$ cat query.pdb   # PDB, C-alpha atoms
MODEL        1
ATOM      1  CA  MET A   1       5.077  23.519 -12.451
ATOM      2  CA  SER A   2       2.484  20.865 -11.646
ATOM      3  CA  PHE A   3       0.985  20.490  -8.192
ATOM      4  CA  CYS A   4       2.819  18.153  -5.803
ATOM      5  CA  LEU A   5       0.641  16.893  -2.965
ATOM      6  CA  GLU A   6       3.488  15.703  -0.710
ATOM      7  CA  THR A   7       5.292  19.058  -0.905
ATOM      8  CA  TYR A   8       2.051  20.976  -0.462
ATOM      9  CA  LEU A   9       1.096  19.123   2.721
ATOM     10  CA  GLN A  10       4.580  19.692   4.143
ATOM     11  CA  GLN A  11       4.898  23.349   3.252
ATOM     12  CA  SER A  12       1.386  24.764   3.449
ATOM     13  CA  GLU A  13      -1.247  25.162   6.127
ATOM     14  CA  ASP A  14      -3.987  25.945   3.659
ATOM     15  CA  TYR A  15      -5.771  22.600   3.752
ATOM     16  CA  GLU A  16      -8.332  20.907   5.954
ATOM     17  CA  ILE A  17      -8.020  17.490   7.544
ATOM     18  CA  HIS A  18     -11.528  16.030   7.969
ATOM     19  CA  ILE A  19     -10.410  12.815   9.651
ATOM     20  CA  SER A  20      -7.032  11.256  10.388
ATOM     21  CA  ARG A  21      -5.540   7.951  11.586
ATOM     22  CA  ALA A  22      -8.641   6.179  10.302
ATOM     23  CA  GLY A  23      -9.370   3.153   8.135
ATOM     24  CA  PHE A  24      -9.745   3.533   4.370
ATOM     25  CA  ARG A  25     -13.424   2.473   4.343
ATOM     26  CA  GLU A  26     -14.275   5.081   6.996
ATOM     27  CA  CYS A  27     -12.517   7.780   4.972
ATOM     28  CA  ALA A  28     -14.259   6.765   1.743
ATOM     29  CA  LYS A  29     -17.618   6.944   3.539
ATOM     30  CA  LEU A  30     -16.831  10.407   4.897
ATOM     31  CA  ILE A  31     -15.924  11.704   1.425
ATOM     32  CA  LYS A  32     -19.200  10.313   0.033
ATOM     33  CA  GLU A  33     -21.170  11.995   2.823
ATOM     34  CA  LYS A  34     -19.447  15.386   2.785
ATOM     35  CA  ALA A  35     -18.494  16.085  -0.814
ATOM     36  CA  ARG A  36     -20.680  18.198  -3.102
ATOM     37  CA  LYS A  37     -19.689  16.094  -6.103
ATOM     38  CA  ILE A  38     -17.962  12.708  -6.129
ATOM     39  CA  ILE A  39     -15.970  10.969  -8.805
ATOM     40  CA  TYR A  40     -14.328   7.561  -8.488
ATOM     41  CA  VAL A  41     -10.870   6.599  -9.717
ATOM     42  CA  LYS A  42      -8.760   3.436  -9.905
ATOM     43  CA  ALA A  43      -6.375   2.537  -7.081
ATOM     44  CA  GLY A  44      -2.928   3.949  -7.768
ATOM     45  CA  GLU A  45      -4.206   6.714 -10.035
ATOM     46  CA  LYS A  46      -1.928   9.764  -9.959
ATOM     47  CA  VAL A  47      -3.830  12.705  -8.516
ATOM     48  CA  LEU A  48      -2.100  15.995  -7.714
ATOM     49  CA  GLY A  49       1.278  14.358  -8.325
ATOM     50  CA  ALA A  50       0.787  11.453  -5.912
ATOM     51  CA  ARG A  51      -0.654   7.991  -6.323
ATOM     52  CA  LEU A  52      -3.942   7.488  -4.521
ATOM     53  CA  ILE A  53      -3.742   4.523  -2.156
ATOM     54  CA  GLY A  54      -6.831   2.529  -1.310
ATOM     55  CA  ILE A  55      -9.528   0.050  -2.128
ATOM     56  CA  PRO A  56     -11.060   0.803  -5.527
ATOM     57  CA  PRO A  57     -13.112   2.559  -6.643
ATOM     58  CA  ILE A  58     -11.517   5.423  -4.703
ATOM     59  CA  PRO A  59     -13.823   8.422  -4.128
ATOM     60  CA  ILE A  60     -12.634  11.975  -4.690
ATOM     61  CA  GLY A  61     -14.789  14.855  -3.535
ATOM     62  CA  ILE A  62     -14.934  17.899  -5.770
ATOM     63  CA  ASP A  63     -16.205  21.358  -4.881
ATOM     64  CA  LYS A  64     -16.019  23.605  -7.926
ATOM     65  CA  GLU A  65     -17.302  26.661  -6.050
ATOM     66  CA  LYS A  66     -14.691  26.459  -3.304
ATOM     67  CA  LYS A  67     -12.184  25.102  -5.828
ATOM     68  CA  THR A  68     -11.151  22.240  -3.555
ATOM     69  CA  VAL A  69     -10.748  18.489  -3.815
ATOM     70  CA  MET A  70     -11.185  16.020  -0.977
ATOM     71  CA  ILE A  71      -9.015  12.905  -1.185
ATOM     72  CA  PRO A  72      -7.992   9.942   0.985
ATOM     73  CA  TYR A  73      -4.333  10.087   1.975
ATOM     74  CA  THR A  74      -2.675   6.934   3.363
ATOM     75  CA  LYS A  75       0.671   6.392   5.097
ATOM     76  CA  PRO A  76       1.805   2.978   6.426
ATOM     77  CA  CYS A  77       2.127   3.975  10.097
ATOM     78  CA  TYR A  78      -0.624   6.587  10.257
ATOM     79  CA  GLY A  79      -3.541   4.967   8.478
ATOM     80  CA  THR A  80      -5.724   7.027   6.194
ATOM     81  CA  ALA A  81      -6.749  10.668   6.439
ATOM     82  CA  VAL A  82      -9.129  12.756   4.361
ATOM     83  CA  VAL A  83      -7.630  16.043   3.255
ATOM     84  CA  GLU A  84      -9.379  18.867   1.440
ATOM     85  CA  ILE A  85      -6.988  20.929  -0.647
ATOM     86  CA  PRO A  86      -7.486  24.115  -2.658
ATOM     87  CA  VAL A  87      -6.547  23.538  -6.286
ATOM     88  CA  LYS A  88      -6.685  25.400  -9.587
ATOM     89  CA  GLU A  89      -9.631  24.893 -11.915
ATOM     90  CA  GLU A  90      -7.463  23.107 -14.473
ATOM     91  CA  GLU A  91      -6.367  20.614 -11.789
ATOM     92  CA  ILE A  92     -10.048  19.824 -11.122
ATOM     93  CA  GLU A  93     -10.613  19.321 -14.848
ATOM     94  CA  GLY A  94      -7.606  16.971 -14.960
ATOM     95  CA  ILE A  95      -8.945  14.947 -12.021
ATOM     96  CA  GLU A  96     -12.402  14.700 -13.581
ATOM     97  CA  LYS A  97     -10.864  13.120 -16.678
ATOM     98  CA  LEU A  98      -9.616  10.235 -14.498
ATOM     99  CA  ALA A  99     -13.139   9.281 -13.392
ATOM    100  CA  ILE A 100     -14.209   5.686 -13.917
ATOM    101  CA  LYS A 101     -17.721   6.435 -12.613
TER     102      LYS A 101
ATOM    103  CA  MET B   1      15.568 -13.678 -14.220
ATOM    104  CA  LYS B   2      12.113 -13.181 -12.698
ATOM    105  CA  LYS B   3      11.589 -10.118 -10.532
ATOM    106  CA  VAL B   4       9.748 -10.094  -7.216
ATOM    107  CA  LEU B   5       8.483  -7.096  -5.274
ATOM    108  CA  ILE B   6       7.957  -7.512  -1.535
ATOM    109  CA  PHE B   7       5.921  -4.769   0.116
ATOM    110  CA  LEU B   8       6.164  -4.243   3.892
ATOM    111  CA  GLY B   9       3.701  -2.427   6.114
ATOM    112  CA  CYS B  10       4.429  -0.295   9.172
ATOM    113  CA  PRO B  11       7.314  -1.885  11.114
ATOM    114  CA  GLU B  12       5.479  -2.035  14.459
ATOM    115  CA  SER B  13       4.932  -5.795  14.218
ATOM    116  CA  PRO B  14       8.007  -7.706  15.507
ATOM    117  CA  ILE B  15       7.661 -10.605  13.071
ATOM    118  CA  GLN B  16       7.541  -8.605   9.853
ATOM    119  CA  ALA B  17      11.275  -7.836   9.527
ATOM    120  CA  PRO B  18      12.581 -11.377  10.182
ATOM    121  CA  LEU B  19       9.970 -12.885   7.877
ATOM    122  CA  ALA B  20      10.772 -10.350   5.158
ATOM    123  CA  LEU B  21      14.478 -11.223   5.389
ATOM    124  CA  TYR B  22      13.590 -14.917   5.338
ATOM    125  CA  LEU B  23      11.307 -14.576   2.305
ATOM    126  CA  SER B  24      13.854 -12.474   0.434
ATOM    127  CA  TYR B  25      16.569 -15.033   1.169
ATOM    128  CA  LYS B  26      14.446 -17.979   0.049
ATOM    129  CA  LEU B  27      13.335 -16.234  -3.145
ATOM    130  CA  ARG B  28      16.929 -15.287  -3.992
ATOM    131  CA  GLY B  29      17.830 -18.937  -3.496
ATOM    132  CA  LYS B  30      15.204 -19.817  -6.073
ATOM    133  CA  GLY B  31      16.827 -17.441  -8.550
ATOM    134  CA  TYR B  32      14.457 -14.480  -8.237
ATOM    135  CA  LYS B  33      15.653 -10.891  -8.281
ATOM    136  CA  VAL B  34      14.093  -9.427  -5.142
ATOM    137  CA  THR B  35      13.182  -5.831  -4.352
ATOM    138  CA  VAL B  36      11.844  -4.975  -0.908
ATOM    139  CA  THR B  37       9.875  -1.764  -0.646
ATOM    140  CA  ALA B  38       8.734  -0.109   2.584
ATOM    141  CA  ASN B  39       8.855   3.165   4.442
ATOM    142  CA  PRO B  40      12.314   4.308   5.654
ATOM    143  CA  ALA B  41      11.875   2.940   9.205
ATOM    144  CA  ALA B  42      10.945  -0.551   8.006
ATOM    145  CA  LEU B  43      13.831  -0.583   5.516
ATOM    146  CA  ARG B  44      16.351   0.506   8.194
ATOM    147  CA  LEU B  45      15.346  -2.503  10.319
ATOM    148  CA  LEU B  46      16.175  -4.840   7.454
ATOM    149  CA  GLU B  47      19.354  -3.073   6.395
ATOM    150  CA  VAL B  48      20.778  -2.995   9.927
ATOM    151  CA  ALA B  49      19.995  -6.694  10.373
ATOM    152  CA  ASP B  50      21.665  -7.635   7.083
ATOM    153  CA  PRO B  51      24.759  -5.427   6.599
ATOM    154  CA  ALA B  52      26.462  -7.903   4.276
ATOM    155  CA  ARG B  53      23.317  -8.303   2.192
ATOM    156  CA  LEU B  54      23.214 -12.035   2.695
ATOM    157  CA  TYR B  55      19.422 -12.036   2.675
ATOM    158  CA  LEU B  56      18.410  -8.826   0.977
ATOM    159  CA  ASP B  57      18.889  -7.917  -2.645
ATOM    160  CA  LYS B  58      17.544  -4.484  -3.537
ATOM    161  CA  THR B  59      15.669  -2.150  -1.199
ATOM    162  CA  SER B  60      13.562   0.734  -2.401
ATOM    163  CA  ASP B  61      11.711   3.576  -0.695
ATOM    164  CA  LEU B  62       7.943   3.070  -0.765
ATOM    165  CA  ASP B  63       6.981   6.460  -2.189
ATOM    166  CA  SER B  64       9.491   6.402  -5.042
ATOM    167  CA  THR B  65       8.681   2.767  -5.852
ATOM    168  CA  LEU B  66       5.004   3.594  -6.128
ATOM    169  CA  ASP B  67       5.687   6.743  -8.103
ATOM    170  CA  THR B  68       7.585   4.887 -10.827
ATOM    171  CA  LEU B  69       5.548   1.676 -10.749
ATOM    172  CA  SER B  70       3.974   0.426 -13.955
ATOM    173  CA  GLU B  71       2.039  -2.645 -15.061
ATOM    174  CA  ALA B  72       4.083  -5.862 -15.188
ATOM    175  CA  ARG B  73       7.271  -4.185 -13.995
ATOM    176  CA  TYR B  74       7.653  -7.197 -11.693
ATOM    177  CA  ASP B  75       6.615 -10.827 -12.163
ATOM    178  CA  LEU B  76       5.431 -11.553  -8.646
ATOM    179  CA  LEU B  77       4.177  -9.476  -5.695
ATOM    180  CA  PHE B  78       4.229 -10.303  -1.984
ATOM    181  CA  GLY B  79       2.726  -8.018   0.636
ATOM    182  CA  PHE B  80       2.936  -8.115   4.431
ATOM    183  CA  ILE B  81      -0.400  -6.963   5.796
ATOM    184  CA  HIS B  82      -1.218  -6.444   9.447
ATOM    185  CA  ASN B  83      -3.300  -3.267   9.381
ATOM    186  CA  ASP B  84      -5.684  -1.252   7.272
ATOM    187  CA  ALA B  85      -2.990   0.970   5.719
ATOM    188  CA  ALA B  86      -0.942  -2.037   4.574
ATOM    189  CA  LEU B  87      -4.116  -3.519   3.104
ATOM    190  CA  ALA B  88      -4.775  -0.321   1.131
ATOM    191  CA  TYR B  89      -1.185  -0.261  -0.154
ATOM    192  CA  PHE B  90      -1.234  -3.940  -1.120
ATOM    193  CA  ILE B  91      -4.485  -3.601  -3.073
ATOM    194  CA  THR B  92      -3.027  -0.548  -4.826
ATOM    195  CA  PHE B  93       0.197  -2.389  -5.749
ATOM    196  CA  GLU B  94      -1.842  -5.346  -7.007
ATOM    197  CA  SER B  95      -4.105  -3.077  -9.007
ATOM    198  CA  ILE B  96      -1.219  -1.261 -10.740
ATOM    199  CA  LEU B  97       1.004  -4.293 -11.377
ATOM    200  CA  ALA B  98      -1.711  -6.798 -12.409
ATOM    201  CA  ILE B  99       0.584  -9.772 -11.716
ATOM    202  CA  PRO B 100       0.294 -12.915  -9.554
ATOM    203  CA  SER B 101       0.400 -11.889  -5.913
ATOM    204  CA  THR B 102       0.464 -13.274  -2.410
ATOM    205  CA  ALA B 103      -0.869 -11.509   0.667
ATOM    206  CA  ILE B 104       0.840 -12.478   3.931
ATOM    207  CA  ILE B 105      -1.710 -11.520   6.577
ATOM    208  CA  PHE B 106      -0.938 -11.644  10.288
ATOM    209  CA  GLY B 107      -1.747 -10.063  13.621
ATOM    210  CA  ARG B 108      -2.855 -10.612  17.174
ATOM    211  CA  ASP B 109      -6.572  -9.889  16.753
ATOM    212  CA  ALA B 110      -8.691 -12.583  15.055
ATOM    213  CA  GLU B 111     -11.415 -10.145  14.050
ATOM    214  CA  ILE B 112      -8.975  -7.764  12.324
ATOM    215  CA  LEU B 113      -7.324 -10.758  10.654
ATOM    216  CA  ASN B 114     -10.699 -11.892   9.281
ATOM    217  CA  THR B 115     -11.495  -8.399   7.978
ATOM    218  CA  LEU B 116      -8.120  -8.130   6.236
ATOM    219  CA  GLU B 117      -8.554 -11.573   4.654
ATOM    220  CA  LYS B 118     -12.070 -10.711   3.501
ATOM    221  CA  GLU B 119     -10.926  -7.442   1.889
ATOM    222  CA  VAL B 120      -8.025  -9.152   0.086
ATOM    223  CA  LYS B 121     -10.379 -11.876  -1.194
ATOM    224  CA  GLU B 122     -12.964  -9.352  -2.391
ATOM    225  CA  ASN B 123     -10.578  -6.898  -4.029
ATOM    226  CA  THR B 124      -7.708  -8.951  -5.461
ATOM    227  CA  ASN B 125      -6.932 -12.289  -7.073
ATOM    228  CA  SER B 126      -4.167 -12.856  -4.529
ATOM    229  CA  HIS B 127      -3.172 -16.075  -2.874
ATOM    230  CA  ILE B 128      -3.490 -15.650   0.915
ATOM    231  CA  ILE B 129      -1.056 -16.863   3.556
ATOM    232  CA  SER B 130      -2.532 -16.053   6.935
ATOM    233  CA  ALA B 131      -1.869 -16.784  10.601
ATOM    234  CA  ARG B 132      -2.707 -15.330  13.989
ATOM    235  CA  ALA B 133       0.802 -14.321  15.005
ATOM    236  CA  GLN B 134       2.412 -11.424  16.831
ATOM    237  CA  HIS B 135       5.791 -12.486  18.242
ATOM    238  CA  ASN B 136       6.295 -15.989  16.927
ATOM    239  CA  PRO B 137       7.155 -16.052  13.203
ATOM    240  CA  ASN B 138       6.939 -19.846  12.905
ATOM    241  CA  PRO B 139       3.236 -20.236  11.998
ATOM    242  CA  LEU B 140       3.767 -17.937   9.023
ATOM    243  CA  LYS B 141       7.212 -19.335   8.183
ATOM    244  CA  ILE B 142       5.722 -22.824   7.857
ATOM    245  CA  ARG B 143       2.989 -21.534   5.543
ATOM    246  CA  ILE B 144       5.488 -19.501   3.508
ATOM    247  CA  ASP B 145       7.723 -22.586   3.136
ATOM    248  CA  LYS B 146       4.763 -24.626   1.929
ATOM    249  CA  PHE B 147       3.879 -21.960  -0.621
ATOM    250  CA  LEU B 148       7.479 -21.567  -1.826
ATOM    251  CA  ASP B 149       7.817 -25.326  -2.297
ATOM    252  CA  ARG B 150       5.058 -25.113  -4.882
ATOM    253  CA  LEU B 151       6.530 -22.030  -6.547
ATOM    254  CA  GLU B 152       8.469 -22.873  -9.677
ATOM    255  CA  ASP B 153      12.221 -22.224  -9.546
TER     256      ASP B 153
ENDMDL
END
$ encode --input "query.pdb" --output "structure tokens"
Amino acid sequence: MSFCLETYLQQSEDYEIHISRAGFRECAKLIKEKARKIIYVKAGEKVLGARLIGIPPIPIGIDKEKKTVMIPYTKPCYGTAVVEIPVKEEEIEGIEKLAIK
Amino acid sequence: MKKVLIFLGCPESPIQAPLALYLSYKLRGKGYKVTVTANPAALRLLEVADPARLYLDKTSDLDSTLDTLSEARYDLLFGFIHNDAALAYFITFESILAIPSTAIIFGRDAEILNTLEKEVKENTNSHIISARAQHNPNPLKIRIDKFLDRLED
């Protein structure tokens, strides 16, 4: 079964929130500063089973050693957060294929 | 029949729900098939205010609408934007749909309003309807009316 971000965030505690209730630009900046490797994707791209919301190009942080990805996560009443989630290697490979730069 | 998608932001602003009902009603009157998408709280406000569906047509949960969205699924997009999250959603909808769109930008704070307008201008090809408004829907209603008058039936 493929990874579902919404379900994962509801049912797991194994993720890190780097910032929450922030603006998208602030979150994008944080990802660029903290991530070991960054790729950029289009707005609305499906990543880990959910569409990424934001102002394109949307940065995704990738850490192949830790096997985590760092993504912006937006909800209408809560603003944007940056979450770092452990994922399988093949999920990272799938995300890298979505890169526009 | 042309299809319109209206996106609503967080329901904290008192003028969003009445203006959304008004816009939906006016667009239906012009022969458009209207879908309003928002989070559950924002949709409940509309549905409770319009039990007989005199103003609303279809309503759709934000997450499932986004999940199944594809290019040109609608003919026209409207978005109500009064904060950063709504801005991010609107730009995402516009990016996926690639159709003519209108951003309805409002709020109490002039500086935030300017930032939202600037971001919409820089990141979309949207028409902008904007007014400094928090409790009084009339400044935006007048601008919406003006825009709808020019919209083909």
$ resolve_selection --input "query.pdb" --expression "the PyMOL selection byres ((chain A) within 8 of (chain B))" --output "PyMOL selection string"
chain A and resi 23-24+43-44+50-51+53-56+74-80
$ atom_distance --input "query.pdb" --atom1 "CA of Ser24 (chain B)" --atom2 "CA of Tyr73 (chain A)"
29.0 Å
$ resolve_selection --input "query.pdb" --expression "the PyMOL selection byres ((chain B and resi 57) around 12)" --output "ChimeraX atom specification"
/B:3-6,20-29,31-37,46-47,50-56,58-60
$ write_last_selection --input "query.pdb" --atoms "C-alpha atoms" --output "PDB file, in the frame of the given file"
ATOM      1  CA  LYS B   3      11.589 -10.118 -10.532  1.00  0.00           C
ATOM      2  CA  VAL B   4       9.748 -10.094  -7.216  1.00  0.00           C
ATOM      3  CA  LEU B   5       8.483  -7.096  -5.274  1.00  0.00           C
ATOM      4  CA  ILE B   6       7.957  -7.512  -1.535  1.00  0.00           C
ATOM      5  CA  ALA B  20      10.772 -10.350   5.158  1.00  0.00           C
ATOM      6  CA  LEU B  21      14.478 -11.223   5.389  1.00  0.00           C
ATOM      7  CA  TYR B  22      13.590 -14.917   5.338  1.00  0.00           C
ATOM      8  CA  LEU B  23      11.307 -14.576   2.305  1.00  0.00           C
ATOM      9  CA  SER B  24      13.854 -12.474   0.434  1.00  0.00           C
ATOM     10  CA  TYR B  25      16.569 -15.033   1.169  1.00  0.00           C
ATOM     11  CA  LYS B  26      14.446 -17.979   0.049  1.00  0.00           C
ATOM     12  CA  LEU B  27      13.335 -16.234  -3.145  1.00  0.00           C
ATOM     13  CA  ARG B  28      16.929 -15.287  -3.992  1.00  0.00           C
ATOM     14  CA  GLY B  29      17.830 -18.937  -3.496  1.00  0.00           C
ATOM     15  CA  GLY B  31      16.827 -17.441  -8.550  1.00  0.00           C
ATOM     16  CA  TYR B  32      14.457 -14.480  -8.237  1.00  0.00           C
ATOM     17  CA  LYS B  33      15.653 -10.891  -8.281  1.00  0.00           C
ATOM     18  CA  VAL B  34      14.093  -9.427  -5.142  1.00  0.00           C
ATOM     19  CA  THR B  35      13.182  -5.831  -4.352  1.00  0.00           C
ATOM     20  CA  VAL B  36      11.844  -4.975  -0.908  1.00  0.00           C
ATOM     21  CA  THR B  37       9.875  -1.764  -0.646  1.00  0.00           C
ATOM     22  CA  LEU B  46      16.175  -4.840   7.454  1.00  0.00           C
ATOM     23  CA  GLU B  47      19.354  -3.073   6.395  1.00  0.00           C
ATOM     24  CA  ASP B  50      21.665  -7.635   7.083  1.00  0.00           C
ATOM     25  CA  PRO B  51      24.759  -5.427   6.599  1.00  0.00           C
ATOM     26  CA  ALA B  52      26.462  -7.903   4.276  1.00  0.00           C
ATOM     27  CA  ARG B  53      23.317  -8.303   2.192  1.00  0.00           C
ATOM     28  CA  LEU B  54      23.214 -12.035   2.695  1.00  0.00           C
ATOM     29  CA  TYR B  55      19.422 -12.036   2.675  1.00  0.00           C
ATOM     30  CA  LEU B  56      18.410  -8.826   0.977  1.00  0.00           C
ATOM     31  CA  LYS B  58      17.544  -4.484  -3.537  1.00  0.00           C
ATOM     32  CA  THR B  59      15.669  -2.150  -1.199  1.00  0.00           C
ATOM     33  CA  SER B  60      13.562   0.734  -2.401  1.00  0.00           C
TER      34      SER B  60
END
$ residues_around --input "query.pdb" --residues "Ala99 (chain A)" --least-positions-apart "4" --cutoff "6 Å" --atoms "all atoms listed in the file" --output "number ranges by chain"
A: 39-41
$ atom_distance --input "query.pdb" --atom1 "CA of Ala28 (chain A)" --atom2 "CA of Val69 (chain A)"
13.4 Å
$ residues_around --input "query.pdb" --residues "Lys141 (chain B)" --least-positions-apart "5" --cutoff "12 Å" --atoms "all atoms listed in the file" --output "PyMOL selection string"
chain B and resi 15-16+18-23+26+104-106+129-131+133+136+146-148
$ atom_distance --input "query.pdb" --atom1 "CA of Leu30 (chain A)" --atom2 "CA of Glu6 (chain A)"
21.7 Å
$ closest_residue --input "query.pdb" --among "B:Ala17, B:Gly79, B:Glu71, B:Leu140" --to "Leu43 (chain B)" --atoms "only C-alpha atoms"
B:Ala17
$ residues_around --input "query.pdb" --residues "region 63-68 of chain A" --least-positions-apart "6" --cutoff "6 Å" --atoms "all atoms listed in the file" --output "compact mmCIF listing (two decimals) with C-alpha atoms, in the coordinates of the input"
# COMPACT_ATOMS: atom_id res chain seq x y z
CA ARG A 36 -20.68 18.20 -3.10
CA ILE A 85 -6.99 20.93 -0.65
CA PRO A 86 -7.49 24.12 -2.66
CA VAL A 87 -6.55 23.54 -6.29
$ closest_residue --input "query.pdb" --among "A:Leu48, A:Ile17, A:Leu9, A:Met70" --to "Glu33 (chain A)" --atoms "all atoms listed in the file"
A:Met70
$ residues_around --input "query.pdb" --residues "Lys32 (chain A)" --least-positions-apart "5" --cutoff "8 Å" --atoms "only C-alpha atoms" --output "PyMOL selection string"
chain A and resi 38+59+61
$ build_atoms --input "query.pdb" --residues "region 7-18 of chain A" --atoms "N, CA and C atoms" --output "compact mmCIF listing (two decimals), keeping the file's coordinate frame"
# COMPACT_ATOMS: atom_id res chain seq x y z
N THR A 7 4.64 17.78 -1.21
CA THR A 7 5.29 19.06 -0.90
C THR A 7 4.27 20.03 -0.32
N TYR A 8 3.08 20.04 -0.92
CA TYR A 8 2.05 20.98 -0.46
C TYR A 8 1.69 20.72 1.00
N LEU A 9 1.50 19.44 1.35
CA LEU A 9 1.10 19.12 2.72
C LEU A 9 2.21 19.44 3.72
N GLN A 10 3.45 19.38 3.25
CA GLN A 10 4.58 19.69 4.14
C GLN A 10 4.79 21.19 4.30
N GLN A 11 4.50 21.94 3.25
CA GLN A 11 4.90 23.35 3.25
C GLN A 11 3.75 24.34 3.40
N SER A 12 2.52 23.85 3.38
CA SER A 12 1.39 24.76 3.45
C SER A 12 0.48 24.43 4.64
N GLU A 13 -0.25 25.42 5.08
CA GLU A 13 -1.25 25.16 6.13
C GLU A 13 -2.65 25.34 5.58
N ASP A 14 -2.72 25.62 4.29
CA ASP A 14 -3.99 25.94 3.66
C ASP A 14 -4.70 24.67 3.17
N TYR A 15 -4.98 23.79 4.09
CA TYR A 15 -5.77 22.60 3.75
C TYR A 15 -6.51 22.16 5.01
N GLU A 16 -7.53 21.35 4.81
CA GLU A 16 -8.33 20.91 5.95
C GLU A 16 -8.25 19.39 6.08
N ILE A 17 -8.00 18.94 7.30
CA ILE A 17 -8.02 17.49 7.54
C ILE A 17 -9.38 17.16 8.17
N HIS A 18 -10.18 16.36 7.47
CA HIS A 18 -11.53 16.03 7.97
C HIS A 18 -11.49 14.87 8.96
